[in-house]
>>> print(open('structure.txt').read())   # compact mmCIF, N, CA and C atoms
# COMPACT_ATOMS: atom_id res chain seq x y z
N MET A 17 -10.02 -7.98 35.65
CA MET A 17 -8.62 -8.26 35.43
C MET A 17 -8.44 -8.70 33.98
N THR A 18 -7.47 -8.10 33.32
CA THR A 18 -7.18 -8.39 31.91
C THR A 18 -5.80 -9.01 31.82
N LYS A 19 -5.70 -10.10 31.05
CA LYS A 19 -4.42 -10.75 30.84
C LYS A 19 -3.90 -10.40 29.45
N ILE A 20 -2.59 -10.17 29.39
CA ILE A 20 -1.93 -9.89 28.12
C ILE A 20 -0.90 -10.98 27.90
N LEU A 21 -1.03 -11.72 26.79
CA LEU A 21 -0.05 -12.74 26.43
C LEU A 21 0.78 -12.20 25.27
N ALA A 22 2.11 -12.15 25.46
CA ALA A 22 3.00 -11.60 24.43
C ALA A 22 4.10 -12.59 24.12
N ASP A 23 3.73 -13.80 23.74
CA ASP A 23 4.73 -14.83 23.45
C ASP A 23 5.51 -14.54 22.17
N ASP A 24 4.90 -13.85 21.22
CA ASP A 24 5.57 -13.59 19.94
C ASP A 24 6.51 -12.39 19.98
N LEU A 25 6.51 -11.63 21.05
CA LEU A 25 7.42 -10.48 21.16
C LEU A 25 8.78 -10.94 21.68
N GLU A 26 9.81 -10.25 21.25
CA GLU A 26 11.15 -10.53 21.77
C GLU A 26 11.26 -9.92 23.17
N ASP A 27 12.35 -10.28 23.89
CA ASP A 27 12.49 -9.85 25.28
C ASP A 27 12.54 -8.33 25.42
N ASN A 28 13.34 -7.67 24.56
CA ASN A 28 13.44 -6.21 24.67
C ASN A 28 12.12 -5.53 24.30
N GLU A 29 11.38 -6.10 23.34
CA GLU A 29 10.08 -5.54 22.98
C GLU A 29 9.08 -5.73 24.12
N PHE A 30 9.15 -6.89 24.79
CA PHE A 30 8.25 -7.15 25.91
C PHE A 30 8.52 -6.20 27.08
N LEU A 31 9.81 -5.95 27.35
CA LEU A 31 10.15 -5.01 28.43
C LEU A 31 9.67 -3.61 28.10
N SER A 32 9.79 -3.21 26.84
CA SER A 32 9.29 -1.89 26.47
C SER A 32 7.76 -1.84 26.52
N LEU A 33 7.10 -2.98 26.27
CA LEU A 33 5.65 -3.04 26.42
C LEU A 33 5.24 -2.81 27.87
N VAL A 34 5.95 -3.45 28.81
CA VAL A 34 5.63 -3.28 30.23
C VAL A 34 5.84 -1.82 30.64
N GLU A 35 6.94 -1.23 30.19
CA GLU A 35 7.21 0.18 30.51
C GLU A 35 6.14 1.09 29.92
N PHE A 36 5.71 0.79 28.70
CA PHE A 36 4.68 1.59 28.04
C PHE A 36 3.37 1.50 28.82
N MET A 37 2.98 0.28 29.21
CA MET A 37 1.72 0.11 29.94
C MET A 37 1.77 0.82 31.30
N ARG A 38 2.93 0.81 31.95
CA ARG A 38 3.06 1.52 33.23
C ARG A 38 3.00 3.03 33.04
N SER A 39 3.50 3.51 31.91
CA SER A 39 3.51 4.96 31.69
C SER A 39 2.11 5.49 31.35
N VAL A 40 1.28 4.68 30.67
CA VAL A 40 -0.03 5.18 30.28
C VAL A 40 -1.08 4.98 31.36
N SER A 41 -0.80 4.11 32.34
CA SER A 41 -1.81 3.85 33.37
C SER A 41 -1.13 3.69 34.72
N ASP A 42 -1.82 4.09 35.77
CA ASP A 42 -1.26 3.95 37.12
C ASP A 42 -1.92 2.78 37.86
N LYS A 43 -2.52 1.86 37.11
CA LYS A 43 -3.18 0.71 37.71
C LYS A 43 -2.15 -0.36 38.07
N LYS A 44 -2.62 -1.43 38.72
CA LYS A 44 -1.73 -2.49 39.19
C LYS A 44 -1.40 -3.47 38.07
N PHE A 45 -0.10 -3.79 37.94
CA PHE A 45 0.38 -4.74 36.93
C PHE A 45 1.10 -5.88 37.63
N VAL A 46 0.84 -7.11 37.17
CA VAL A 46 1.54 -8.28 37.67
C VAL A 46 2.16 -8.96 36.46
N ARG A 47 3.48 -9.17 36.51
CA ARG A 47 4.20 -9.74 35.38
C ARG A 47 4.65 -11.16 35.73
N ARG A 48 4.30 -12.12 34.86
CA ARG A 48 4.73 -13.51 35.03
C ARG A 48 5.24 -14.01 33.69
N GLY A 49 6.54 -14.07 33.53
CA GLY A 49 7.12 -14.49 32.25
C GLY A 49 6.77 -13.47 31.18
N LYS A 50 6.17 -13.96 30.09
CA LYS A 50 5.73 -13.05 29.02
C LYS A 50 4.22 -12.84 29.11
N ARG A 51 3.72 -12.84 30.34
CA ARG A 51 2.30 -12.59 30.57
C ARG A 51 2.17 -11.45 31.57
N VAL A 52 1.26 -10.54 31.29
CA VAL A 52 1.02 -9.40 32.18
C VAL A 52 -0.46 -9.41 32.55
N GLU A 53 -0.73 -9.24 33.83
CA GLU A 53 -2.11 -9.13 34.29
C GLU A 53 -2.35 -7.70 34.75
N VAL A 54 -3.40 -7.09 34.23
CA VAL A 54 -3.72 -5.70 34.52
C VAL A 54 -5.05 -5.67 35.27
N THR A 55 -5.08 -4.99 36.40
CA THR A 55 -6.34 -4.84 37.13
C THR A 55 -6.74 -3.37 37.10
N GLY A 56 -8.02 -3.13 36.91
CA GLY A 56 -8.52 -1.76 36.93
C GLY A 56 -8.75 -1.15 35.57
N LEU A 57 -8.38 -1.83 34.48
CA LEU A 57 -8.61 -1.33 33.13
C LEU A 57 -9.52 -2.30 32.38
N THR A 58 -10.36 -1.77 31.52
CA THR A 58 -11.23 -2.63 30.72
C THR A 58 -10.45 -3.26 29.57
N ASN A 59 -11.00 -4.33 29.03
CA ASN A 59 -10.36 -4.99 27.89
C ASN A 59 -10.23 -4.04 26.70
N LYS A 60 -11.22 -3.22 26.50
CA LYS A 60 -11.22 -2.28 25.37
C LYS A 60 -10.08 -1.28 25.50
N LYS A 61 -9.87 -0.74 26.69
CA LYS A 61 -8.78 0.23 26.91
C LYS A 61 -7.42 -0.44 26.73
N VAL A 62 -7.27 -1.65 27.29
CA VAL A 62 -6.00 -2.36 27.18
C VAL A 62 -5.69 -2.68 25.73
N LYS A 63 -6.71 -3.11 24.98
CA LYS A 63 -6.51 -3.41 23.56
C LYS A 63 -6.12 -2.15 22.80
N PHE A 64 -6.72 -1.03 23.14
CA PHE A 64 -6.37 0.25 22.52
C PHE A 64 -4.91 0.59 22.80
N PHE A 65 -4.48 0.46 24.06
CA PHE A 65 -3.09 0.76 24.43
C PHE A 65 -2.11 -0.18 23.75
N LEU A 66 -2.48 -1.46 23.62
CA LEU A 66 -1.60 -2.41 22.94
C LEU A 66 -1.44 -2.06 21.47
N GLY A 67 -2.54 -1.69 20.82
CA GLY A 67 -2.45 -1.27 19.42
C GLY A 67 -1.61 -0.02 19.26
N LYS A 68 -1.73 0.88 20.21
CA LYS A 68 -0.93 2.11 20.19
C LYS A 68 0.55 1.78 20.37
N PHE A 69 0.84 0.84 21.26
CA PHE A 69 2.23 0.42 21.48
C PHE A 69 2.81 -0.20 20.22
N LEU A 70 2.06 -1.08 19.57
CA LEU A 70 2.55 -1.73 18.36
C LEU A 70 2.80 -0.71 17.26
N HIS A 71 1.92 0.27 17.14
CA HIS A 71 2.10 1.29 16.12
C HIS A 71 3.29 2.20 16.43
N ALA A 72 3.45 2.57 17.70
CA ALA A 72 4.54 3.47 18.08
C ALA A 72 5.90 2.82 17.90
N ASN A 73 5.96 1.50 18.08
CA ASN A 73 7.23 0.79 17.94
C ASN A 73 7.41 0.15 16.58
N ARG A 74 6.56 0.50 15.64
CA ARG A 74 6.64 0.04 14.26
C ARG A 74 6.65 -1.49 14.16
N LEU A 75 5.79 -2.10 14.92
CA LEU A 75 5.64 -3.55 14.86
C LEU A 75 4.40 -3.87 14.02
N SER A 76 4.47 -3.54 12.75
CA SER A 76 3.29 -3.65 11.88
C SER A 76 2.95 -5.10 11.57
N GLU A 77 3.86 -6.02 11.79
CA GLU A 77 3.56 -7.43 11.51
C GLU A 77 2.88 -8.10 12.70
N HIS A 78 2.66 -7.38 13.79
CA HIS A 78 1.98 -7.92 14.97
C HIS A 78 0.56 -7.35 15.07
N ARG A 79 -0.35 -8.15 15.62
CA ARG A 79 -1.73 -7.72 15.83
C ARG A 79 -2.17 -8.12 17.24
N VAL A 80 -3.23 -7.49 17.73
CA VAL A 80 -3.80 -7.81 19.03
C VAL A 80 -5.04 -8.67 18.80
N LEU A 81 -5.02 -9.88 19.34
CA LEU A 81 -6.15 -10.81 19.23
C LEU A 81 -6.91 -10.82 20.54
N ASP A 82 -8.20 -10.61 20.48
CA ASP A 82 -9.02 -10.60 21.68
C ASP A 82 -9.69 -11.96 21.82
N THR A 83 -9.14 -12.81 22.68
CA THR A 83 -9.75 -14.10 22.96
C THR A 83 -10.54 -13.98 24.26
N THR A 84 -11.30 -15.01 24.60
CA THR A 84 -12.11 -14.93 25.82
C THR A 84 -11.23 -14.93 27.06
N ALA A 85 -10.10 -15.61 27.01
CA ALA A 85 -9.24 -15.71 28.19
C ALA A 85 -8.32 -14.50 28.34
N ALA A 86 -7.76 -14.01 27.24
CA ALA A 86 -6.75 -12.95 27.33
C ALA A 86 -6.65 -12.20 26.01
N LEU A 87 -5.88 -11.12 26.06
CA LEU A 87 -5.49 -10.40 24.85
C LEU A 87 -4.13 -10.91 24.43
N GLU A 88 -4.02 -11.39 23.20
CA GLU A 88 -2.75 -11.96 22.73
C GLU A 88 -2.15 -11.06 21.67
N ILE A 89 -0.83 -10.89 21.77
CA ILE A 89 -0.10 -10.19 20.72
C ILE A 89 0.48 -11.27 19.83
N VAL A 90 0.00 -11.30 18.58
CA VAL A 90 0.34 -12.38 17.66
C VAL A 90 1.04 -11.80 16.45
N ARG A 91 2.06 -12.51 16.00
CA ARG A 91 2.75 -12.11 14.78
C ARG A 91 1.99 -12.70 13.60
N ILE A 92 1.62 -11.84 12.67
CA ILE A 92 0.88 -12.27 11.49
C ILE A 92 1.88 -12.61 10.40
N LYS A 93 1.82 -13.85 9.92
CA LYS A 93 2.70 -14.28 8.83
C LYS A 93 1.91 -14.22 7.53
N PRO A 94 2.41 -13.49 6.54
CA PRO A 94 1.67 -13.43 5.28
C PRO A 94 1.70 -14.79 4.58
N GLU A 95 0.58 -15.16 4.03
CA GLU A 95 0.50 -16.43 3.33
C GLU A 95 1.16 -16.31 1.97
N LYS A 96 1.89 -17.34 1.62
CA LYS A 96 2.52 -17.35 0.31
C LYS A 96 1.53 -17.95 -0.67
N GLY A 97 0.93 -17.08 -1.45
CA GLY A 97 -0.07 -17.53 -2.41
C GLY A 97 0.60 -18.08 -3.66
N GLU A 98 -0.14 -18.93 -4.34
CA GLU A 98 0.39 -19.47 -5.58
C GLU A 98 0.41 -18.37 -6.63
N LYS A 99 1.51 -18.32 -7.36
CA LYS A 99 1.61 -17.34 -8.43
C LYS A 99 0.76 -17.81 -9.60
N LYS A 100 0.01 -16.88 -10.13
CA LYS A 100 -0.78 -17.22 -11.30
C LYS A 100 0.14 -17.30 -12.50
N ARG A 101 0.11 -18.42 -13.12
CA ARG A 101 0.96 -18.60 -14.30
C ARG A 101 0.15 -18.23 -15.53
N THR A 102 0.61 -17.22 -16.20
CA THR A 102 -0.07 -16.80 -17.42
C THR A 102 0.63 -17.45 -18.60
N LYS A 103 -0.15 -17.78 -19.57
CA LYS A 103 0.41 -18.41 -20.76
C LYS A 103 1.12 -17.34 -21.57
N LYS A 104 2.41 -17.51 -21.70
CA LYS A 104 3.19 -16.53 -22.46
C LYS A 104 3.21 -16.96 -23.91
N SER A 105 2.85 -16.06 -24.78
CA SER A 105 2.88 -16.36 -26.20
C SER A 105 4.26 -16.02 -26.76
N ALA A 106 4.54 -16.59 -27.89
CA ALA A 106 5.82 -16.34 -28.54
C ALA A 106 5.86 -14.89 -29.03
N PRO A 107 7.02 -14.28 -29.04
CA PRO A 107 7.09 -12.89 -29.52
C PRO A 107 6.72 -12.82 -31.00
N LEU A 108 6.17 -11.70 -31.39
CA LEU A 108 5.74 -11.54 -32.78
C LEU A 108 6.94 -11.43 -33.70
N LYS A 109 6.81 -12.06 -34.87
CA LYS A 109 7.92 -12.04 -35.83
C LYS A 109 7.95 -10.73 -36.61
N TYR A 110 6.81 -10.09 -36.75
CA TYR A 110 6.74 -8.82 -37.46
C TYR A 110 5.77 -7.92 -36.70
N PRO A 111 5.93 -6.62 -36.81
CA PRO A 111 5.04 -5.72 -36.06
C PRO A 111 3.61 -5.78 -36.59
N VAL A 112 2.68 -5.72 -35.68
CA VAL A 112 1.27 -5.73 -36.04
C VAL A 112 0.79 -4.30 -36.10
N PRO A 113 0.24 -3.90 -37.25
CA PRO A 113 -0.22 -2.51 -37.35
C PRO A 113 -1.53 -2.31 -36.60
N TYR A 114 -1.64 -1.20 -35.94
CA TYR A 114 -2.86 -0.83 -35.26
C TYR A 114 -3.45 0.36 -35.98
N GLY A 115 -4.73 0.32 -36.25
CA GLY A 115 -5.38 1.41 -36.94
C GLY A 115 -5.36 1.20 -38.44
N PRO A 116 -5.76 2.23 -39.21
CA PRO A 116 -5.81 2.07 -40.67
C PRO A 116 -4.40 2.00 -41.25
N PRO A 117 -4.24 1.32 -42.35
CA PRO A 117 -2.91 1.22 -42.95
C PRO A 117 -2.44 2.59 -43.47
N VAL A 118 -1.17 2.84 -43.33
CA VAL A 118 -0.58 4.10 -43.76
C VAL A 118 -0.08 3.93 -45.19
N PRO A 119 -0.55 4.79 -46.12
CA PRO A 119 -0.09 4.64 -47.51
C PRO A 119 1.37 5.07 -47.63
N LEU A 120 2.11 4.28 -48.37
CA LEU A 120 3.52 4.59 -48.55
C LEU A 120 3.73 5.62 -49.65
N ALA A 121 2.96 5.52 -50.69
CA ALA A 121 3.06 6.48 -51.79
C ALA A 121 1.66 6.97 -52.13
N ILE A 122 1.55 8.22 -52.50
CA ILE A 122 0.25 8.77 -52.84
C ILE A 122 -0.09 8.35 -54.26
N ARG A 123 -1.22 7.76 -54.41
CA ARG A 123 -1.66 7.32 -55.73
C ARG A 123 -2.11 8.55 -56.53
N PRO A 124 -1.96 8.52 -57.84
CA PRO A 124 -2.32 9.69 -58.65
C PRO A 124 -3.77 10.11 -58.50
N LYS A 125 -4.69 9.18 -58.31
CA LYS A 125 -6.09 9.57 -58.21
C LYS A 125 -6.40 10.26 -56.88
N LEU A 126 -5.52 10.13 -55.86
CA LEU A 126 -5.75 10.78 -54.58
C LEU A 126 -5.17 12.20 -54.54
N ARG A 127 -4.34 12.54 -55.55
CA ARG A 127 -3.73 13.85 -55.56
C ARG A 127 -4.76 14.90 -55.93
N VAL A 128 -4.75 16.05 -55.24
CA VAL A 128 -5.70 17.12 -55.49
C VAL A 128 -5.00 18.17 -56.36
N GLU A 129 -5.63 18.51 -57.43
CA GLU A 129 -5.09 19.53 -58.32
C GLU A 129 -5.72 20.86 -57.94
N TRP A 130 -4.93 21.93 -57.89
CA TRP A 130 -5.46 23.26 -57.60
C TRP A 130 -6.12 23.80 -58.86
N GLN A 131 -7.28 24.31 -58.64
CA GLN A 131 -7.95 24.97 -59.75
C GLN A 131 -8.16 26.42 -59.35
N GLY A 132 -7.42 27.27 -59.91
CA GLY A 132 -7.51 28.67 -59.59
C GLY A 132 -6.46 29.06 -58.57
N LYS A 133 -6.84 29.95 -57.65
CA LYS A 133 -5.89 30.48 -56.68
C LYS A 133 -5.81 29.57 -55.45
N PRO A 134 -4.64 29.54 -54.78
CA PRO A 134 -4.55 28.80 -53.51
C PRO A 134 -5.32 29.52 -52.42
N PRO A 135 -5.70 28.86 -51.36
CA PRO A 135 -6.45 29.53 -50.30
C PRO A 135 -5.64 30.65 -49.68
N PRO A 136 -6.31 31.73 -49.27
CA PRO A 136 -5.56 32.87 -48.71
C PRO A 136 -4.95 32.51 -47.35
N GLU A 137 -3.83 33.14 -47.06
CA GLU A 137 -3.17 32.91 -45.77
C GLU A 137 -3.95 33.62 -44.68
N LYS A 138 -3.89 33.09 -43.49
CA LYS A 138 -4.59 33.71 -42.37
C LYS A 138 -3.88 34.99 -41.98
N LYS A 139 -4.66 35.96 -41.59
CA LYS A 139 -4.08 37.22 -41.17
C LYS A 139 -3.71 37.13 -39.69
N HIS A 140 -2.52 37.53 -39.37
CA HIS A 140 -2.04 37.53 -38.00
C HIS A 140 -2.14 38.94 -37.46
N TYR A 141 -2.79 39.10 -36.33
CA TYR A 141 -2.96 40.42 -35.75
C TYR A 141 -1.80 40.82 -34.88
N ARG A 142 -1.04 39.85 -34.41
CA ARG A 142 0.15 40.19 -33.62
C ARG A 142 1.32 40.41 -34.56
N LYS A 143 2.18 41.28 -34.13
CA LYS A 143 3.36 41.52 -34.95
C LYS A 143 4.37 40.43 -34.68
N ARG A 144 4.96 39.94 -35.73
CA ARG A 144 6.00 38.93 -35.57
C ARG A 144 7.35 39.60 -35.68
N TYR A 145 8.22 39.26 -34.79
CA TYR A 145 9.55 39.87 -34.79
C TYR A 145 10.56 38.95 -35.34
>>> encode(input="structure.txt", output="structure tokens")
Amino acid sequence: MTKILADDLEDNEFLSLVEFMRSVSDKKFVRRGKRVEVTGLTNKKVKFFLGKFLHANRLSEHRVLDTTAALEIVRIKPEKGEKKRTKKSAPLKYPVPYGPPVPLAIRPKLRVEWQGKPPPEKKHYRKRY
């Protein structure tokens, strides 16, 4: 005999749980408040059906807990973790350059003088229209 405790489910969800369990199995069910006793099914099968029910009804915040006495449907509340506070620095007053500095004007010694003919243009084999 397997007991199902569904204290965290609302009344309409609990009624749909009972209907679901009756539809998937033809075994004997005894309902007392928000507790259901199932005879003839193993704990593993009942837990599987409960998980299937929760998934089918989009109750993702609920889980099935297997205790020694019964299977409990429990609502999982997410813990509110402390936010990590990062030290925010003051915004930069001027932009920081990344990479090598870009010359603003070409210095005369960096200029290349052509000696002789300029390099030949590449030959294009496709016709340009």
>>> atom_distance(input="structure.txt", atom1="atom CA of A:Lys63", atom2="atom CA of A:Lys96")
28.6 Å
>>> atom_distance(input="structure.txt", atom1="atom C of A:Arg47", atom2="atom N of A:Arg74")
23.3 Å
>>> atom_distance(input="structure.txt", atom1="atom CA of A:Asp24", atom2="atom N of A:Lys44")
23.8 Å
>>> residues_around(input="structure.txt", residues="stretch 79-84 of chain A", least_positions_apart="5", cutoff="10 Å", atoms="only C-alpha atoms", output="PyMOL selection string")
chain A and resi 20-22+59-60+63-64+66-67+70-71+89-92
>>> closest_residue(input="structure.txt", among="A:His140, A:Leu57, A:Glu88, A:Asp27", to="A:Lys43", atoms="only N, CA and C atoms")
A:Leu57
>>> closest_residue(input="structure.txt", among="A:Ala86, A:Glu26, A:Val62, A:Arg38", to="A:Lys50", atoms="only C-alpha atoms")
A:Glu26
